[in-house]
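File shown: entry_20.cif (mmCIF, C-alpha atoms).
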data_data
loop_
_atom_site.group_PDB
_atom_site.id
_atom_site.type_symbol
_atom_site.label_atom_id
_atom_site.label_comp_id
_atom_site.auth_asym_id
_atom_site.auth_seq_id
_atom_site.Cartn_x
_atom_site.Cartn_y
_atom_site.Cartn_z
ATOM 1 C CA MET A 1 12.400 -12.041 42.255
ATOM 2 C CA LYS A 2 14.418 -8.855 41.734
ATOM 3 C CA LYS A 3 15.790 -10.219 38.452
ATOM 4 C CA ILE A 4 12.293 -10.970 37.184
ATOM 5 C CA LEU A 5 11.091 -7.518 38.207
ATOM 6 C CA PHE A 6 14.116 -5.885 36.528
ATOM 7 C CA VAL A 7 13.523 -7.834 33.286
ATOM 8 C CA PHE A 8 9.829 -6.874 33.390
ATOM 9 C CA VAL A 9 10.740 -3.186 33.813
ATOM 10 C CA LEU A 10 13.202 -3.347 30.891
ATOM 11 C CA PHE A 11 10.592 -5.070 28.745
ATOM 12 C CA SER A 12 7.991 -2.414 29.671
ATOM 13 C CA VAL A 13 10.419 0.377 28.718
ATOM 14 C CA PHE A 14 11.171 -1.367 25.411
ATOM 15 C CA VAL A 15 7.439 -1.758 24.646
ATOM 16 C CA GLY A 16 6.890 1.898 25.605
ATOM 17 C CA LEU A 17 9.610 2.994 23.203
ATOM 18 C CA MET A 18 8.145 0.844 20.444
ATOM 19 C CA ALA A 19 4.687 2.351 21.076
ATOM 20 C CA THR A 20 5.770 5.684 19.627
ATOM 21 C CA SER A 21 7.253 4.289 16.455
ATOM 22 C CA GLU A 22 7.327 6.242 13.232
ATOM 23 C CA ILE A 23 7.315 4.717 9.773
ATOM 24 C CA ALA A 24 10.117 5.878 7.449
ATOM 25 C CA LEU A 25 9.161 5.417 3.795
ATOM 26 C CA THR A 26 11.442 5.304 0.766
ATOM 27 C CA TRP A 27 10.454 5.601 -2.870
ATOM 28 C CA ASP A 28 10.446 2.856 -5.517
ATOM 29 C CA SER A 29 9.959 3.681 -9.185
ATOM 30 C CA SER A 30 8.302 1.913 -12.083
ATOM 31 C CA VAL A 31 7.029 2.718 -15.559
ATOM 32 C CA VAL A 32 3.320 2.204 -16.214
ATOM 33 C CA THR A 33 1.526 2.438 -19.555
ATOM 34 C CA ILE A 34 -1.680 4.474 -19.347
ATOM 35 C CA ASP A 35 -3.667 5.140 -22.496
ATOM 36 C CA GLY A 36 -0.730 4.026 -24.628
ATOM 37 C CA LYS A 37 1.718 6.437 -22.966
ATOM 38 C CA LYS A 38 4.446 5.627 -20.467
ATOM 39 C CA TRP A 39 4.149 7.319 -17.062
ATOM 40 C CA VAL A 40 6.813 7.216 -14.371
ATOM 41 C CA VAL A 41 5.297 6.193 -11.038
ATOM 42 C CA TYR A 42 6.994 6.528 -7.649
ATOM 43 C CA THR A 43 5.527 4.573 -4.738
ATOM 44 C CA ALA A 44 6.096 4.846 -0.987
ATOM 45 C CA THR A 45 4.956 1.636 0.675
ATOM 46 C CA LYS A 46 5.006 0.285 4.209
ATOM 47 C CA ASP A 47 5.872 -3.377 3.819
ATOM 48 C CA ASP A 48 4.160 -5.772 6.196
ATOM 49 C CA THR A 49 1.863 -4.693 9.029
ATOM 50 C CA VAL A 50 1.256 -1.186 10.331
ATOM 51 C CA LEU A 51 1.132 -1.254 14.103
ATOM 52 C CA ALA A 52 -1.639 0.666 15.826
ATOM 53 C CA ALA A 53 1.010 2.319 17.997
ATOM 54 C CA SER A 54 2.687 4.027 15.022
ATOM 55 C CA THR A 55 2.267 7.775 15.403
ATOM 56 C CA ALA A 56 3.354 9.033 11.964
ATOM 57 C CA ALA A 57 4.801 8.084 8.603
ATOM 58 C CA TYR A 58 7.187 10.175 6.545
ATOM 59 C CA THR A 59 8.955 9.882 3.227
ATOM 60 C CA SER A 60 12.484 10.425 2.145
ATOM 61 C CA LYS A 61 12.788 13.163 -0.473
ATOM 62 C CA LEU A 62 11.578 12.238 -3.912
ATOM 63 C CA PRO A 63 14.552 11.045 -5.971
ATOM 64 C CA PHE A 64 13.679 13.461 -8.787
ATOM 65 C CA THR A 65 12.328 16.962 -9.277
ATOM 66 C CA LEU A 66 8.606 17.207 -9.913
ATOM 67 C CA PRO A 67 8.093 18.478 -13.465
ATOM 68 C CA LEU A 68 7.843 22.254 -13.570
ATOM 69 C CA ASP A 69 6.282 22.315 -17.052
ATOM 70 C CA THR A 70 3.330 19.967 -16.633
ATOM 71 C CA GLU A 71 0.900 18.652 -14.027
ATOM 72 C CA SER A 72 1.850 15.764 -11.757
ATOM 73 C CA TYR A 73 -0.413 13.762 -9.493
ATOM 74 C CA LEU A 74 -0.074 12.495 -5.942
ATOM 75 C CA TRP A 75 -2.312 9.652 -4.808
ATOM 76 C CA VAL A 76 -2.575 9.384 -1.030
ATOM 77 C CA ASN A 77 -3.697 6.034 0.420
ATOM 78 C CA PRO A 78 -4.529 4.525 -2.999
ATOM 79 C CA GLU A 79 -5.296 1.155 -1.385
ATOM 80 C CA ALA A 80 -8.109 2.832 0.620
ATOM 81 C CA ALA A 81 -6.845 1.272 3.840
ATOM 82 C CA THR A 82 -8.378 2.532 7.075
ATOM 83 C CA LEU A 83 -5.421 4.566 8.314
ATOM 84 C CA ASP A 84 -7.012 6.050 11.424
ATOM 85 C CA ASP A 85 -10.351 6.244 13.224
ATOM 86 C CA SER A 86 -10.124 10.025 13.446
ATOM 87 C CA SER A 87 -8.400 12.312 10.935
ATOM 88 C CA THR A 88 -5.089 11.843 9.154
ATOM 89 C CA ALA A 89 -3.271 14.876 7.731
ATOM 90 C CA ILE A 90 -0.786 14.971 4.864
ATOM 91 C CA TYR A 91 1.899 17.673 4.895
ATOM 92 C CA MET A 92 4.287 18.582 2.081
ATOM 93 C CA TYR A 93 7.843 19.821 2.614
ATOM 94 C CA GLY A 94 10.232 21.413 0.157
ATOM 95 C CA GLY A 95 13.999 21.414 0.121
ATOM 96 C CA TYR A 96 16.623 23.442 -1.652
ATOM 97 C CA SER A 97 19.766 21.303 -1.332
ATOM 98 C CA ALA A 98 20.872 17.691 -1.667
ATOM 99 C CA SER A 99 21.005 17.596 2.156
ATOM 100 C CA PHE A 100 17.234 18.186 2.408
ATOM 101 C CA GLU A 101 15.647 15.731 4.803
ATOM 102 C CA VAL A 102 12.483 15.309 6.858
ATOM 103 C CA THR A 103 12.415 13.155 9.979
ATOM 104 C CA VAL A 104 9.616 12.641 12.473
ATOM 105 C CA SER A 105 9.703 11.892 16.176
ATOM 106 C CA GLY A 106 6.321 11.242 17.738
ATOM 107 C CA GLN A 107 4.251 13.605 15.618
ATOM 108 C CA THR A 108 6.803 16.395 15.288
ATOM 109 C CA ALA A 109 8.625 16.826 11.974
ATOM 110 C CA THR A 110 12.171 18.136 11.769
ATOM 111 C CA VAL A 111 13.301 19.596 8.445
ATOM 112 C CA THR A 112 16.901 20.011 7.275
ATOM 113 C CA ASP A 113 17.630 22.445 4.405
ATOM 114 C CA GLY A 114 13.967 23.090 3.672
ATOM 115 C CA CYS A 115 10.586 24.026 5.115
ATOM 116 C CA ILE A 116 6.942 23.020 5.311
ATOM 117 C CA LEU A 117 4.958 24.138 2.253
ATOM 118 C CA ASN A 118 1.393 25.362 1.710
ATOM 119 C CA GLY A 119 1.749 27.914 4.485
ATOM 120 C CA GLY A 120 2.065 25.121 7.055
ATOM 121 C CA THR A 121 -1.435 23.872 6.217
ATOM 122 C CA ALA A 122 -1.998 20.208 5.409
ATOM 123 C CA ILE A 123 -2.376 19.495 1.691
ATOM 124 C CA GLU A 124 -4.953 16.892 2.755
ATOM 125 C CA THR A 125 -6.622 17.264 6.135
ATOM 126 C CA ASP A 126 -8.282 13.873 6.428
ATOM 127 C CA VAL A 127 -7.423 10.794 4.407
ATOM 128 C CA LYS A 128 -8.640 7.666 6.171
ATOM 129 C CA ALA A 129 -10.393 4.844 4.355
ATOM 130 C CA SER A 130 -10.721 6.896 1.178
ATOM 131 C CA CYS A 131 -7.951 7.992 -1.109
ATOM 132 C CA ALA A 132 -7.100 11.503 -2.171
ATOM 133 C CA ILE A 133 -5.742 12.565 -5.540
ATOM 134 C CA ILE A 134 -3.807 15.811 -5.439
ATOM 135 C CA GLU A 135 -2.834 17.609 -8.628
ATOM 136 C CA PHE A 136 0.246 19.806 -8.684
ATOM 137 C CA ASP A 137 -0.070 22.297 -11.514
ATOM 138 C CA PRO A 138 2.798 24.703 -12.210
ATOM 139 C CA ASN A 139 0.438 26.967 -14.202
ATOM 140 C CA ARG A 140 -2.141 27.368 -11.440
ATOM 141 C CA GLU A 141 -2.394 30.833 -9.931
ATOM 142 C CA ILE A 142 -3.748 29.798 -6.514
ATOM 143 C CA ALA A 143 -4.450 26.595 -4.627
ATOM 144 C CA LEU A 144 -7.900 25.169 -5.226
ATOM 145 C CA THR A 145 -8.398 23.120 -2.082
ATOM 146 C CA ALA A 146 -11.947 22.009 -2.914
ATOM 147 C CA ASN A 147 -10.555 19.866 -5.735
ATOM 148 C CA LEU A 148 -7.171 19.243 -4.093
ATOM 149 C CA ALA A 149 -5.218 21.112 -6.739
ATOM 150 C CA TYR A 150 -2.138 23.157 -5.898
ATOM 151 C CA LYS A 151 0.257 25.445 -7.659
ATOM 152 C CA LEU A 152 3.519 23.556 -7.710
ATOM 153 C CA PRO A 153 6.285 25.496 -5.993
ATOM 154 C CA LYS A 154 9.495 25.671 -8.004
ATOM 155 C CA ILE A 155 11.645 23.655 -5.649
ATOM 156 C CA PRO A 156 14.076 20.853 -6.406
ATOM 157 C CA TYR A 157 13.065 18.417 -3.649
ATOM 158 C CA VAL A 158 9.848 17.414 -1.881
ATOM 159 C CA ALA A 159 8.904 15.007 0.917
ATOM 160 C CA PHE A 160 5.685 14.215 2.766
ATOM 161 C CA THR A 161 4.418 13.260 6.208
ATOM 162 C CA VAL A 162 1.265 11.332 7.120
ATOM 163 C CA ILE A 163 0.187 12.227 10.641
ATOM 164 C CA PRO A 164 -2.954 10.758 12.232
ATOM 165 C CA THR A 165 -4.715 12.533 15.099
ATOM 166 C CA THR A 166 -3.408 10.002 17.617
ATOM 167 C CA SER A 167 -1.978 6.889 15.964
ATOM 168 C CA PHE A 168 -2.641 4.652 12.972
ATOM 169 C CA SER A 169 -5.153 1.848 13.033
ATOM 170 C CA ALA A 170 -3.588 -1.612 12.833
ATOM 171 C CA ILE A 171 -3.381 -2.592 9.161
ATOM 172 C CA SER A 172 -2.335 -6.048 7.965
ATOM 173 C CA GLY A 173 -0.270 -6.477 4.834
ATOM 174 C CA ASP A 174 1.476 -3.876 2.717
ATOM 175 C CA VAL A 175 0.080 -0.356 2.847
ATOM 176 C CA ILE A 176 0.742 2.055 -0.008
ATOM 177 C CA PHE A 177 0.770 5.557 1.409
ATOM 178 C CA PHE A 178 1.779 7.501 -1.717
ATOM 179 C CA LYS A 179 1.929 7.158 -5.477
ATOM 180 C CA VAL A 180 3.305 10.001 -7.560
ATOM 181 C CA PHE A 181 2.373 9.914 -11.252
ATOM 182 C CA ILE A 182 4.617 11.810 -13.673
ATOM 183 C CA PRO A 183 3.018 12.058 -17.125
ATOM 184 C CA PRO A 184 5.000 11.658 -20.343
ATOM 185 C CA LYS A 185 6.412 14.786 -21.962
ATOM 186 C CA LYS A 186 3.930 16.461 -24.287
#

Taking this structure as input, can you express it in the form of structure tokens?
Amino acid sequence: MKKILFVFVLFSVFVGLMATSEIALTWDSSVVTIDGKKWVVYTATKDDTVLAASTAAYTSKLPFTLPLDTESYLWVNPEAATLDDSSTAIYMYGGYSASFEVTVSGQTATVTDGCILNGGTAIETDVKASCAIIEFDPNREIALTANLAYKLPKIPYVAFTVIPTTSFSAISGDVIFFKVFIPPKK
């Protein structure tokens, strides 16, 4: 009986640890033709099922520098999956060295060689079953939050976090959290 109880306790601890899981996302790249021009597209996808117990998702740094001479576009939740029943915030981080990194434990982000951008305010405060398209414009004077447009900071590296109010809703199949569209040179 003691062995069964001990195994049950270990299993309960394991399930408890799994209940606060975070989703680490990496970037894949492709080239897409839009209106006869080739765009570079980076995608951060969660393969397979998102567990309802997952408390946050975060990306590795983008493997390139966002263009500082033209607009670029970030699509958040382009599959329009129901990420959360409440609100789900998107935060942007910037880094200044090759060691830049963002990690998340629970719903707390830790940044190495960088900082949170946009004055610590979410670049999108609630993306659930809809998608958001955020424009980064290096020529913009100020952020225009009504249309989700931001002046692009001149930083070499960026990463993002997706943090729901409590935890994600369970989602079956692959979930695309981010797509970054880099337009062709003018």

TODO: Between A:Ser130, A:Ser167, A:Thr161, A:Thr59, single out the one closest to Ala24 of chain A, counting only C-alpha atoms.
DONE: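 Nearest candidate to Ala24 of chain A out of A:Ser130, A:Ser167, A:Thr161, A:Thr59: A:Thr59.
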
- [ ] Give me, please, the distance in Å between atom CA of Phe178 of chain A and atom CA of Gly106 of chain A, quoted to one decimal.
- [x] 20.3 Å

Task: Selected residue of minimal separation from Ser87 of chain A among A:Val31, A:Ile182, A:Ala122, A:Ile176, counting all atoms listed in the file - done: A:Ala122

May I have the residues within 9 Å of segment 170-172 of chain A as a short mmCIF file (atom, residue, chain, number, x, y, z; two decimals) with C-alpha atoms, keeping the file's coordinate frame, using all atoms listed in the file and disregarding those fewer than 3 positions away in the same chain?
data_model
loop_
_atom_site.label_atom_id
_atom_site.label_comp_id
_atom_site.auth_asym_id
_atom_site.auth_seq_id
_atom_site.Cartn_x
_atom_site.Cartn_y
_atom_site.Cartn_z
CA ASP A 48 4.16 -5.77 6.20
CA THR A 49 1.86 -4.69 9.03
CA VAL A 50 1.26 -1.19 10.33
CA LEU A 51 1.13 -1.25 14.10
CA ALA A 52 -1.64 0.67 15.83
CA ALA A 53 1.01 2.32 18.00
CA SER A 54 2.69 4.03 15.02
CA ALA A 81 -6.84 1.27 3.84
CA THR A 82 -8.38 2.53 7.08
CA LEU A 83 -5.42 4.57 8.31
CA ASP A 84 -7.01 6.05 11.42
CA VAL A 175 0.08 -0.36 2.85
#

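Counting all atoms listed in the file and comparing A:Tyr150, A:Leu25, A:Ser60, A:Lys179, the residue that lies closest to Trp39 of chain A is A:Lys179.
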
Open item on the list: Given the point (-5.3, 9.9, -1.3) in the coordinates of this file, which residues lie within 6 Å, counting all atoms listed in the file, and how would they look as a VMD selection string?
Closed with: chain A and resid 75 to 78 131 to 133

- [ ] Check which residues satisfy the PyMOL selection byres ((chain A and resi 27) around 10) in the file shown, then give them as a PyMOL selection string.
- [x] chain A and resi 25-26+28-29+41-45+59-63+178-180

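With all atoms listed in the file as the atoms that count, the minimum distance from Pro184 of chain A to the choices A:Glu22, A:Asp137, A:Asp47, A:Asp69 is reached by A:Asp69.
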
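Taking atom CA of Pro138 of chain A and atom CA of Glu71 of chain A as the two end points, the separation is 6.6 Å.
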
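In this model, the gap between atom CA of Gln107 of chain A and atom CA of Ala80 of chain A comes to 22.2 Å.
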
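With only C-alpha atoms as the atoms that count, the residue of A:Tyr157, A:Phe136, A:Phe64, A:Tyr58 with the shortest distance to Thr108 of chain A is A:Tyr58.
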
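With all atoms listed in the file as the atoms that count, the minimum distance from Gly119 of chain A to the choices A:Phe177, A:Phe168, A:Phe160, A:Tyr91 is reached by A:Tyr91.
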
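Summary of the local environment: counting only C-alpha atoms, residues at most 10 Å from Val158 of chain A, other than itself and those fewer than 3 positions away along its chain, are Thr59, Ser60, Lys61, Leu62, Pro63, Phe64, Thr65, Leu66, Met92, Tyr93, Gly94, Gly95, Tyr96, Phe100, Glu101, Val102, Gly114, Cys115, Ile116, Leu117, Pro153 and Ile155 of chain A.
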
Because some atoms of segment 17-37 of chain A are absent here, can you restore N, CA and C atoms and send them as an mmCIF file, in the coordinates of the input?
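What landed in selection.cif:
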data_model
loop_
_atom_site.group_PDB
_atom_site.id
_atom_site.type_symbol
_atom_site.label_atom_id
_atom_site.label_comp_id
_atom_site.auth_asym_id
_atom_site.auth_seq_id
_atom_site.Cartn_x
_atom_site.Cartn_y
_atom_site.Cartn_z
ATOM 1 N N LEU A 17 8.869 2.337 24.285
ATOM 2 C CA LEU A 17 9.610 2.994 23.203
ATOM 3 C C LEU A 17 9.060 2.581 21.848
ATOM 4 N N MET A 18 8.697 1.320 21.706
ATOM 5 C CA MET A 18 8.145 0.844 20.444
ATOM 6 C C MET A 18 6.766 1.440 20.183
ATOM 7 N N ALA A 19 6.052 1.838 21.222
ATOM 8 C CA ALA A 19 4.687 2.351 21.076
ATOM 9 C C ALA A 19 4.654 3.693 20.364
ATOM 10 N N THR A 20 5.751 4.394 20.309
ATOM 11 C CA THR A 20 5.770 5.684 19.627
ATOM 12 C C THR A 20 6.600 5.585 18.354
ATOM 13 N N SER A 21 6.437 4.486 17.646
ATOM 14 C CA SER A 21 7.253 4.289 16.455
ATOM 15 C C SER A 21 6.733 5.128 15.289
ATOM 16 N N GLU A 22 7.650 5.531 14.459
ATOM 17 C CA GLU A 22 7.327 6.242 13.232
ATOM 18 C C GLU A 22 7.722 5.347 12.062
ATOM 19 N N ILE A 23 7.062 5.532 10.955
ATOM 20 C CA ILE A 23 7.315 4.717 9.773
ATOM 21 C C ILE A 23 8.073 5.566 8.757
ATOM 22 N N ALA A 24 9.305 5.181 8.449
ATOM 23 C CA ALA A 24 10.117 5.878 7.449
ATOM 24 C C ALA A 24 9.900 5.192 6.103
ATOM 25 N N LEU A 25 9.478 5.961 5.118
ATOM 26 C CA LEU A 25 9.161 5.417 3.795
ATOM 27 C C LEU A 25 10.197 5.863 2.766
ATOM 28 N N THR A 26 10.574 4.955 1.891
ATOM 29 C CA THR A 26 11.442 5.304 0.766
ATOM 30 C C THR A 26 10.642 5.097 -0.520
ATOM 31 N N TRP A 27 11.163 5.621 -1.598
ATOM 32 C CA TRP A 27 10.454 5.601 -2.870
ATOM 33 C C TRP A 27 11.003 4.511 -3.782
ATOM 34 N N ASP A 28 10.096 3.790 -4.444
ATOM 35 C CA ASP A 28 10.446 2.856 -5.517
ATOM 36 C C ASP A 28 9.839 3.405 -6.796
ATOM 37 N N SER A 29 10.495 3.161 -7.926
ATOM 38 C CA SER A 29 9.959 3.681 -9.185
ATOM 39 C C SER A 29 9.625 2.548 -10.144
ATOM 40 N N SER A 30 8.684 2.842 -11.027
ATOM 41 C CA SER A 30 8.302 1.913 -12.083
ATOM 42 C C SER A 30 7.783 2.728 -13.254
ATOM 43 N N VAL A 31 7.622 2.078 -14.382
ATOM 44 C CA VAL A 31 7.029 2.718 -15.559
ATOM 45 C C VAL A 31 5.727 1.986 -15.849
ATOM 46 N N VAL A 32 4.651 2.759 -15.991
ATOM 47 C CA VAL A 32 3.320 2.204 -16.214
ATOM 48 C C VAL A 32 2.775 2.791 -17.507
ATOM 49 N N THR A 33 2.151 1.951 -18.323
ATOM 50 C CA THR A 33 1.526 2.438 -19.555
ATOM 51 C C THR A 33 0.065 2.761 -19.278
ATOM 52 N N ILE A 34 -0.301 4.010 -19.513
ATOM 53 C CA ILE A 34 -1.680 4.474 -19.347
ATOM 54 C C ILE A 34 -2.098 5.131 -20.652
ATOM 55 N N ASP A 35 -3.153 4.611 -21.238
ATOM 56 C CA ASP A 35 -3.667 5.140 -22.496
ATOM 57 C C ASP A 35 -2.577 5.189 -23.574
ATOM 58 N N GLY A 36 -1.769 4.143 -23.601
ATOM 59 C CA GLY A 36 -0.730 4.026 -24.628
ATOM 60 C C GLY A 36 0.511 4.871 -24.382
ATOM 61 N N LYS A 37 0.560 5.585 -23.256
ATOM 62 C CA LYS A 37 1.718 6.437 -22.966
ATOM 63 C C LYS A 37 2.376 5.969 -21.675
#
